[in-house]
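The structure appears below as structure tokens.
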2 protein chains.
Amino acid sequence: MPKKIIVIGGVALGPKAACRCKRLDPSAEVTLFDENALISYGGCGIPYFVGGDIQNVTDLCSTPYHTVRNPDFFASMKGIKVLNNTRVTSINRQEKTVIARSMLTGQESVYHYDKLVLATGASPRKANIPGADLANVFTLTKLEAADAIRSQMAGSKVSSAVVVGGGFIGLEAAVAMADMWGVKVSVVEMMDQVLPGVLSKSLSTMAKHDLEAHDVDVYTGEKVLSLEGKDGKVCKVVTDKREIEAQLVIYSIGFIPNGQLAKDAGLETTPFGAVVVNEHMQTSDPDIYAGGDCCSIKNLITGKQGYLPLGSMANRQGRVIGSELAGVSATFPGYVGTWAVKLFDMSFCGTGLTADGAKKAGFDATGVIVEQLDKAHFYPEKSMMTLELVVEKGTRRVLGMQGACTDPDSLKARVDAVAATLQFGKPTVDDICVLEVAYAPPFAAAMDVVNVVANVADNVLCGRIQMITACEFMDMWENREKNNVFFIDTRPQKAGDAVQAKHPDWHAISLEAIQTHWDQVPKDRPVALICNTGLRAYDAALVLKNHGIENVCESMGGMQSVLKMGLTV
Amino acid sequence: MPKKIIVIGGVALGPKAACRCKRLDPSAEVTLFDENALISYGGCGIPYFVGGDIQNVTDLCSTPYHTVRNPDFFASMKGIKVLNNTRVTSINRQEKTVIARSMLTGQESVYHYDKLVLATGASPRKANIPGADLANVFTLTKLEAADAIRSQMAGSKVSSAVVVGGGFIGLEAAVAMADMWGVKVSVVEMMDQVLPGVLSKSLSTMAKHDLEAHDVDVYTGEKVLSLEGKDGKVCKVVTDKREIEAQLVIYSIGFIPNGQLAKDAGLETTPFGAVVVNEHMQTSDPDIYAGGDCCSIKNLITGKQGYLPLGSMANRQGRVIGSELAGVSATFPGYVGTWAVKLFDMSFCGTGLTADGAKKAGFDATGVIVEQLDKAHFYPEKSMMTLELVVEKGTRRVLGMQGACTDPDSLKARVDAVAATLQFGKPTVDDICVLEVAYAPPFAAAMDVVNVVANVADNVLCGRIQMITACEFMDMWENREKNNVFFIDTRPQKAGDAVQAKHPDWHAISLEAIQTHWDQVPKDRPVALICNTGLRAYDAALVLKNHGIENVCESMGGMQSVLKMGLTV
């Protein structure tokens, strides 16, 4: 008897697992259910469809050869039976059956399985406020919504829009609408920063500045209270601080894993509703697999169950499940949390924990930021890259790294290298100091920025320098009347002089000058140093230390970080 | 008494070690010797100076702030005494002294050290043929040579040039001359491919094609016998196969580590003359350190002593030595062999062993090539990337990866991620199948190309598909009269039909068609499949297998690899 495989869910993981299984075991009878009409689409592409980078919604459902991945395609090309518009309503584990109901006719049928795959995904968290059911209030996970949003845009029916939620999808949607359609976009985020949980306050300030520099208003630490409408359509967003006009609202406040079906079947789920799986992606019932956005997997850094609903995770897990279904053992060890997002000029990318996330997980952690060119400084094409390495103080263990750069690929290179080390051990700062990465002047500096951020972290952990963030430096500067701090700009003299001309409290003493003019620095006041990227201030701090001036701190990333955050002296 | 440190060698590692030591231990007396006038220049930038990307030779000797790193700079800014134009001629380990001779006056002096650093670098292998001493025959490691080459170019005194040696520097120089100055350049390489040792024959064919497509002639498997001159200047290169006119010749046939000083002092050196060091970069005398191009370090994959003379290695080792000099323990565990080179349209990058290198090192290895877009196929900006994963057959261990792409940063991202895994363990194919890398459509495909090359390697190692290289496929095709192979193009029907119209032996049976038309395929002949990148041919092979047609092979990387190699059907 051929093995009967049932896959519930037709996006990303489901089709991947089904196809892989059929390739390895052509005799298997694979049936894939999805409650929607469209299946196997690139959900991650939705913001790019809204933004006009992708012309047709069918491009998101197509192979690279423009073949639409519909039920016929799966039947003829993959030998997989697809029942779309069909919802699986329950699982009977004793009988090894599922009940499925047609969304069109309401008819229910029973299907037997030998192995079952839960690829039920996640649902966007819904707005639970007055006005949430007005027309033109969308979430951004279904192609149908994307189509509606884009036709509103293209029809010039929208002059201002509000995105609620400053996470990946929210910001991608904000960029798409502002960039392509010239719509006035505002982002409202309840937390005190955009990209909460994945970026430090410093890096998120850079993201915020990139949005604001492109005329997107960003309101953080602000809660949406209600939506107001006119003729049944949304026209205003009311927050706890203001009212914002909007003919279109996108809600993007996170996801809830679709784990109810599993829970109802008595499978183990987490308190937040995700299906728990082992390294083989098996649920607590070994004949039932789960993967993708509906399930929880192990965070390899904290060792705890976590959640990372990304299309890339789903695809890799799908192949593992497909192998297992065909009787070929395969494992998915867990995740470290690697992600990327492109805004306007800036891209952001990260892996592992942020400093705040690490503290929450019980690590005594700190983040160290550097700015450095990504290529040899004498090579003509290059970008200034920001990297923040997150390290545990006592053990020197590296827990994560995040970054910002105008060059998305170049940033990805550094983050992916560190991501790989996090997956293959417990790297220390010293390991990253000597991390071997590809070098030639068109690719990197001889001492690559990823080595440099570890070098600086080493200096910080060894107490050789006291670092503060650009935000902290600017706060100090704003409060200079009160704190008695002595500010020194160690950049080449001209650069510092230009600022000092405006602000006499800004002392321009270049690194060159400080070697002989250190006696101009008071010994009885705290000293704050800044330079262009951080290098010169470090050397200046060492000079001062040699002359007994030890109460010195340095602004991480120097003026480059200050500028990227949109701050001004 | 302050610690006396002597550093021999003023490029890359020497200054790095000296500065790091002074930062950690300001009391140390650090003296740096170099036999040349210019020190601390970016030697890797020389081809880019020749090619006009860098305007002034001083840019290569400058900090990012255009401060020239001359002896005065090191004295005033770093507290390091630099004696340039001074050669250290011998080391007395019992007395802990060195003898140094001024290259200007011939005067010799004795200097005491507590710790000594050998940063003597490597010398370009010299041409040992008639005519090697003619004018306008250069090597490309000294700024002085670079200046001379560029002024010859700029003065239009050169219409054709020959580069002897198809390694990194040779090819960078060839590109620089052809690209900027429109000079007719020929590359002569003794081995049967360019970039020998670091690329497979397949990938090196792509490099060769990129050169030839930009009017650089490439002669591999060809030996230079003599240089002929006129009025003392070179005018012709004579090989074992032809004569090539040239007003300028660059010899770039490798390096010899400058280990004689160490050998004379009784320190352990390798048979090829490199200084042997331990994990702390100490020579067999613990008070003497060595690093950079003069020393041999451990290959972490083979476990044997190896040699990787790259500026990036030198910089990272320099910091380790600097720490050690100041009494702070630090280690450099070894190398895996990660590199990058940009030619015209194509960049090449690699880490670890090639398949041939792995076989030489005793591994039962094979290389698996894929072609895939580096970004989501629906995202507008993307590049077709070639990756070759080198794996050990029995253990499934990953030994290296090399690649080719028009986007240098995007290629670096994939290679550096695998490089990191090689440094932190013994990754298997399965580890790379689930390697977690940053994903969003502007950064990667949901199933990234680095995962895909591992997936394909998995299929090859499990015997699910028999792969041949594009070169092997084209050889088969050329010899189709003899070998009786049945060729199938499984691309969408139109693409295959266009070729079949020219060649009736080219059977256009698309993947869609093969599901129902498999009976057109003879069961008694070997079958060779090709498609655009490899995906469709794999699925087609599975279809044929299900119908009992098992003597089937597939061309790795499909037509994309064929095209990149400059081959034509």
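Here, A, B, ... name the chains of the structure tokens in the order displayed, residue numbers run from 1 inside each chain, and ligands are numbered from 1 in the same displayed order.
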Handout entry: Exercise answer, chain B residues close to chain A, 7 Å and only C-alpha atoms, as JSON, numbers by chain
Key = {"B": [23, 44, 45, 53, 54, 59, 60, 64, 77, 311, 312, 315, 316, 332, 338, 339, 340, 341, 342, 377, 378, 379, 380, 408, 409, 410, 412, 413, 416, 417, 419, 420, 421, 424, 425, 434, 436, 437, 438, 439, 440, 441, 442, 443, 446, 447, 512, 542]}
Exercise for the section: Would you return as a ChimeraX atom specification the members of region 304-465 of chain B that DSSP assigns to strand (DSSP E) on this structure's backbone? Expected result: /B:305-306,339-342,347-352,365-373,384-392,398-405
Handout entry: Residues within 9 Å of Met103 (chain A), only C-alpha atoms, excluding chain neighbours under 4 positions, as a ChimeraX atom specification
Key = /A:35-36,84-87,107
Using only C-alpha atoms, which protein or nucleic acid residues come within 9 Å of Arg20 (chain B)? Drop anything in the same chain fewer than 6 positions from it, and give the result as an mmCIF file with C-alpha atoms, in the first residue's frame.
```cif
data_model
loop_
_atom_site.group_PDB
_atom_site.id
_atom_site.type_symbol
_atom_site.label_atom_id
_atom_site.label_comp_id
_atom_site.auth_asym_id
_atom_site.auth_seq_id
_atom_site.Cartn_x
_atom_site.Cartn_y
_atom_site.Cartn_z
ATOM 1 C CA GLY B 318 49.521 41.408 13.757
ATOM 2 C CA ARG B 319 46.996 42.247 16.416
ATOM 3 C CA VAL B 320 47.507 38.845 18.057
ATOM 4 C CA ILE B 321 51.276 39.386 18.131
ATOM 5 C CA GLY B 322 50.848 42.933 19.457
ATOM 6 C CA SER B 323 48.776 41.620 22.343
ATOM 7 C CA LEU B 325 54.181 41.425 23.076
ATOM 8 C CA ALA B 326 52.341 43.445 25.711
#
```
So that each row is one residue of region 220-290 of chain A with an atom at most 8 Å from region 119-136 of chain A, can you give its shortest atom pair and the distance in Å to one decimal, using only C-alpha atoms, rows by chain and rising number, as CSV?
```
residue,atom,partner,partner_atom,distance
A:Leu225,CA,A:Ile129,CA,6.4
A:Ser226,CA,A:Pro130,CA,5.0
A:Leu227,CA,A:Gly131,CA,4.5
A:Glu228,CA,A:Gly131,CA,5.8
A:Gly229,CA,A:Leu134,CA,6.7
A:Gly232,CA,A:Leu134,CA,5.7
A:Lys233,CA,A:Ala135,CA,4.5
A:Val234,CA,A:Leu134,CA,5.6
A:Gln247,CA,A:Asn136,CA,7.0
A:Leu248,CA,A:Asn136,CA,5.1
A:Val249,CA,A:Asn136,CA,6.3
A:Tyr251,CA,A:Ala127,CA,7.1
A:Ser252,CA,A:Pro124,CA,7.1
A:Ile253,CA,A:Arg125,CA,6.0
A:Gly254,CA,A:Arg125,CA,5.5
A:Phe255,CA,A:Pro124,CA,4.4
A:Ile256,CA,A:Ser123,CA,5.2
A:Pro257,CA,A:Ala122,CA,4.0
A:Asn258,CA,A:Ala122,CA,4.8
A:Gly259,CA,A:Thr120,CA,7.5
A:Ala290,CA,A:Ala119,CA,6.0
```
Store the residues picked out above, limited to N, CA and C atoms, as an mmCIF file, in the first residue's frame.
```
data_model
loop_
_atom_site.group_PDB
_atom_site.id
_atom_site.type_symbol
_atom_site.label_atom_id
_atom_site.label_comp_id
_atom_site.auth_asym_id
_atom_site.auth_seq_id
_atom_site.Cartn_x
_atom_site.Cartn_y
_atom_site.Cartn_z
ATOM 1 N N LEU A 225 -5.741 54.215 19.600
ATOM 2 C CA LEU A 225 -6.918 53.987 20.434
ATOM 3 C C LEU A 225 -8.146 53.619 19.622
ATOM 4 N N SER A 226 -8.290 54.270 18.467
ATOM 5 C CA SER A 226 -9.464 53.953 17.638
ATOM 6 C C SER A 226 -9.238 54.420 16.211
ATOM 7 N N LEU A 227 -10.057 53.890 15.322
ATOM 8 C CA LEU A 227 -10.062 54.323 13.931
ATOM 9 C C LEU A 227 -11.414 54.982 13.677
ATOM 10 N N GLU A 228 -11.403 56.089 12.986
ATOM 11 C CA GLU A 228 -12.668 56.752 12.665
ATOM 12 C C GLU A 228 -12.926 56.658 11.174
ATOM 13 N N GLY A 229 -14.200 56.630 10.795
ATOM 14 C CA GLY A 229 -14.527 56.434 9.393
ATOM 15 C C GLY A 229 -15.526 57.437 8.864
ATOM 16 N N GLY A 232 -18.308 54.523 5.893
ATOM 17 C CA GLY A 232 -17.839 53.148 6.061
ATOM 18 C C GLY A 232 -16.368 52.938 5.792
ATOM 19 N N LYS A 233 -15.669 53.999 5.347
ATOM 20 C CA LYS A 233 -14.239 53.863 5.064
ATOM 21 C C LYS A 233 -13.427 54.598 6.121
ATOM 22 N N VAL A 234 -12.272 54.059 6.440
ATOM 23 C CA VAL A 234 -11.430 54.696 7.443
ATOM 24 C C VAL A 234 -11.003 56.075 6.945
ATOM 25 N N GLN A 247 -6.534 57.524 4.634
ATOM 26 C CA GLN A 247 -7.557 56.838 3.832
ATOM 27 C C GLN A 247 -7.289 55.337 3.760
ATOM 28 N N LEU A 248 -6.164 54.957 4.359
ATOM 29 C CA LEU A 248 -5.804 53.532 4.343
ATOM 30 C C LEU A 248 -4.971 53.225 5.582
ATOM 31 N N VAL A 249 -5.265 52.116 6.233
ATOM 32 C CA VAL A 249 -4.520 51.728 7.436
ATOM 33 C C VAL A 249 -4.054 50.277 7.273
ATOM 34 N N TYR A 251 -2.476 47.246 9.409
ATOM 35 C CA TYR A 251 -2.147 46.747 10.727
ATOM 36 C C TYR A 251 -1.078 45.673 10.605
ATOM 37 N N SER A 252 0.005 45.881 11.312
ATOM 38 C CA SER A 252 1.100 44.921 11.231
ATOM 39 C C SER A 252 1.720 44.812 12.610
ATOM 40 N N ILE A 253 0.966 44.212 13.507
ATOM 41 C CA ILE A 253 1.368 44.201 14.917
ATOM 42 C C ILE A 253 1.727 42.798 15.388
ATOM 43 N N GLY A 254 2.196 41.990 14.441
ATOM 44 C CA GLY A 254 2.683 40.677 14.834
ATOM 45 C C GLY A 254 1.765 39.552 14.411
ATOM 46 N N PHE A 255 2.189 38.349 14.751
ATOM 47 C CA PHE A 255 1.501 37.141 14.284
ATOM 48 C C PHE A 255 1.149 36.232 15.443
ATOM 49 N N ILE A 256 0.074 35.503 15.267
ATOM 50 C CA ILE A 256 -0.286 34.456 16.221
ATOM 51 C C ILE A 256 -0.201 33.122 15.488
ATOM 52 N N PRO A 257 0.631 32.201 15.972
ATOM 53 C CA PRO A 257 0.761 30.913 15.287
ATOM 54 C C PRO A 257 -0.580 30.186 15.256
ATOM 55 N N ASN A 258 -0.889 29.582 14.132
ATOM 56 C CA ASN A 258 -2.145 28.840 13.991
ATOM 57 C C ASN A 258 -1.967 27.433 14.559
ATOM 58 N N GLY A 259 -2.026 27.366 15.878
ATOM 59 C CA GLY A 259 -1.757 26.091 16.553
ATOM 60 C C GLY A 259 -2.998 25.433 17.131
ATOM 61 N N ALA A 290 5.322 19.255 12.117
ATOM 62 C CA ALA A 290 4.876 20.646 11.980
ATOM 63 C C ALA A 290 6.098 21.495 11.679
#
```
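For the pair CA of Ile369 (chain A) and CA of Met556 (chain A), the separation is 5.6 Å.
Atom to atom, CA of Val216 (chain A) and CA of Pro196 (chain A) stand 17.9 Å apart.
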Practice task
Would you kindly return, as a ChimeraX atom specification, each protein, DNA or RNA residue with an atom no farther than 8 Å from any atom of Lys184 (chain A), considering only C-alpha atoms and excluding same-chain residues fewer than 2 positions away?
Solution key: /A:159-161,178,182,186,215-216
Can I get the selection written as a PDB file, in the first residue's frame, with all heavy atoms?
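What follows is the written file selection_35.pdb:
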```
ATOM      1  N   SER A 159      -4.180  59.539  -0.195  1.00  0.00           N
ATOM      2  CA  SER A 159      -3.116  60.541  -0.120  1.00  0.00           C
ATOM      3  C   SER A 159      -2.313  60.385   1.165  1.00  0.00           C
ATOM      4  O   SER A 159      -1.174  60.800   1.245  1.00  0.00           O
ATOM      5  CB  SER A 159      -3.689  61.955  -0.221  1.00  0.00           C
ATOM      6  OG  SER A 159      -4.585  62.185   0.847  1.00  0.00           O
ATOM      7  N   SER A 160      -2.940  59.779   2.192  1.00  0.00           N
ATOM      8  CA  SER A 160      -2.158  59.499   3.394  1.00  0.00           C
ATOM      9  C   SER A 160      -2.580  58.166   3.990  1.00  0.00           C
ATOM     10  O   SER A 160      -3.737  57.775   3.938  1.00  0.00           O
ATOM     11  CB  SER A 160      -2.291  60.632   4.417  1.00  0.00           C
ATOM     12  OG  SER A 160      -3.632  60.893   4.696  1.00  0.00           O
ATOM     13  N   ALA A 161      -1.585  57.471   4.508  1.00  0.00           N
ATOM     14  CA  ALA A 161      -1.815  56.132   5.048  1.00  0.00           C
ATOM     15  C   ALA A 161      -1.106  56.014   6.385  1.00  0.00           C
ATOM     16  O   ALA A 161      -0.110  56.691   6.635  1.00  0.00           O
ATOM     17  CB  ALA A 161      -1.289  55.074   4.085  1.00  0.00           C
ATOM     18  N   ALA A 178       5.304  54.844   0.407  1.00  0.00           N
ATOM     19  CA  ALA A 178       5.880  56.188   0.284  1.00  0.00           C
ATOM     20  C   ALA A 178       6.755  56.287  -0.959  1.00  0.00           C
ATOM     21  O   ALA A 178       6.737  57.297  -1.672  1.00  0.00           O
ATOM     22  CB  ALA A 178       6.698  56.515   1.532  1.00  0.00           C
ATOM     23  N   GLY A 182       4.112  57.883  -3.487  1.00  0.00           N
ATOM     24  CA  GLY A 182       4.180  59.246  -2.969  1.00  0.00           C
ATOM     25  C   GLY A 182       3.123  59.543  -1.924  1.00  0.00           C
ATOM     26  O   GLY A 182       2.736  60.698  -1.719  1.00  0.00           O
ATOM     27  N   SER A 186       2.510  57.492   7.806  1.00  0.00           N
ATOM     28  CA  SER A 186       2.921  57.591   9.212  1.00  0.00           C
ATOM     29  C   SER A 186       2.975  56.179   9.787  1.00  0.00           C
ATOM     30  O   SER A 186       2.131  55.352   9.473  1.00  0.00           O
ATOM     31  CB  SER A 186       1.910  58.405  10.020  1.00  0.00           C
ATOM     32  OG  SER A 186       1.719  59.672   9.429  1.00  0.00           O
ATOM     33  N   ASP A 215      10.458  61.365   4.523  1.00  0.00           N
ATOM     34  CA  ASP A 215       9.137  61.940   4.738  1.00  0.00           C
ATOM     35  C   ASP A 215       8.111  60.965   5.307  1.00  0.00           C
ATOM     36  O   ASP A 215       6.910  61.168   5.156  1.00  0.00           O
ATOM     37  CB  ASP A 215       8.622  62.551   3.408  1.00  0.00           C
ATOM     38  CG  ASP A 215       7.591  63.634   3.685  1.00  0.00           C
ATOM     39  OD1 ASP A 215       7.686  64.281   4.756  1.00  0.00           O
ATOM     40  OD2 ASP A 215       6.676  63.809   2.857  1.00  0.00           O
ATOM     41  N   VAL A 216       8.583  59.890   5.913  1.00  0.00           N
ATOM     42  CA  VAL A 216       7.671  59.018   6.654  1.00  0.00           C
ATOM     43  C   VAL A 216       7.700  59.483   8.114  1.00  0.00           C
ATOM     44  O   VAL A 216       8.776  59.590   8.707  1.00  0.00           O
ATOM     45  CB  VAL A 216       8.094  57.539   6.553  1.00  0.00           C
ATOM     46  CG1 VAL A 216       7.287  56.663   7.510  1.00  0.00           C
ATOM     47  CG2 VAL A 216       7.951  57.045   5.117  1.00  0.00           C
TER      48      VAL A 216
END
```
Practice task
Could you please write out, as a PyMOL selection string, every residue of region 216-362 of chain A that DSSP assigns to helix (DSSP H, G or I)?
Solution key: chain A and resi 260-264+292-294+311-325+355-360
Fill in the blank from the handout: With distances taken over only C-alpha atoms, the candidate from A:Ala528, A:Phe348, A:Ala28, A:Gln493 nearest Ser200 (chain A) is A:Phe348
Problem - Gap from CA of Val175 (chain A) to CA of Lys223 (chain A) - Å, one decimal - result: 20.9 Å
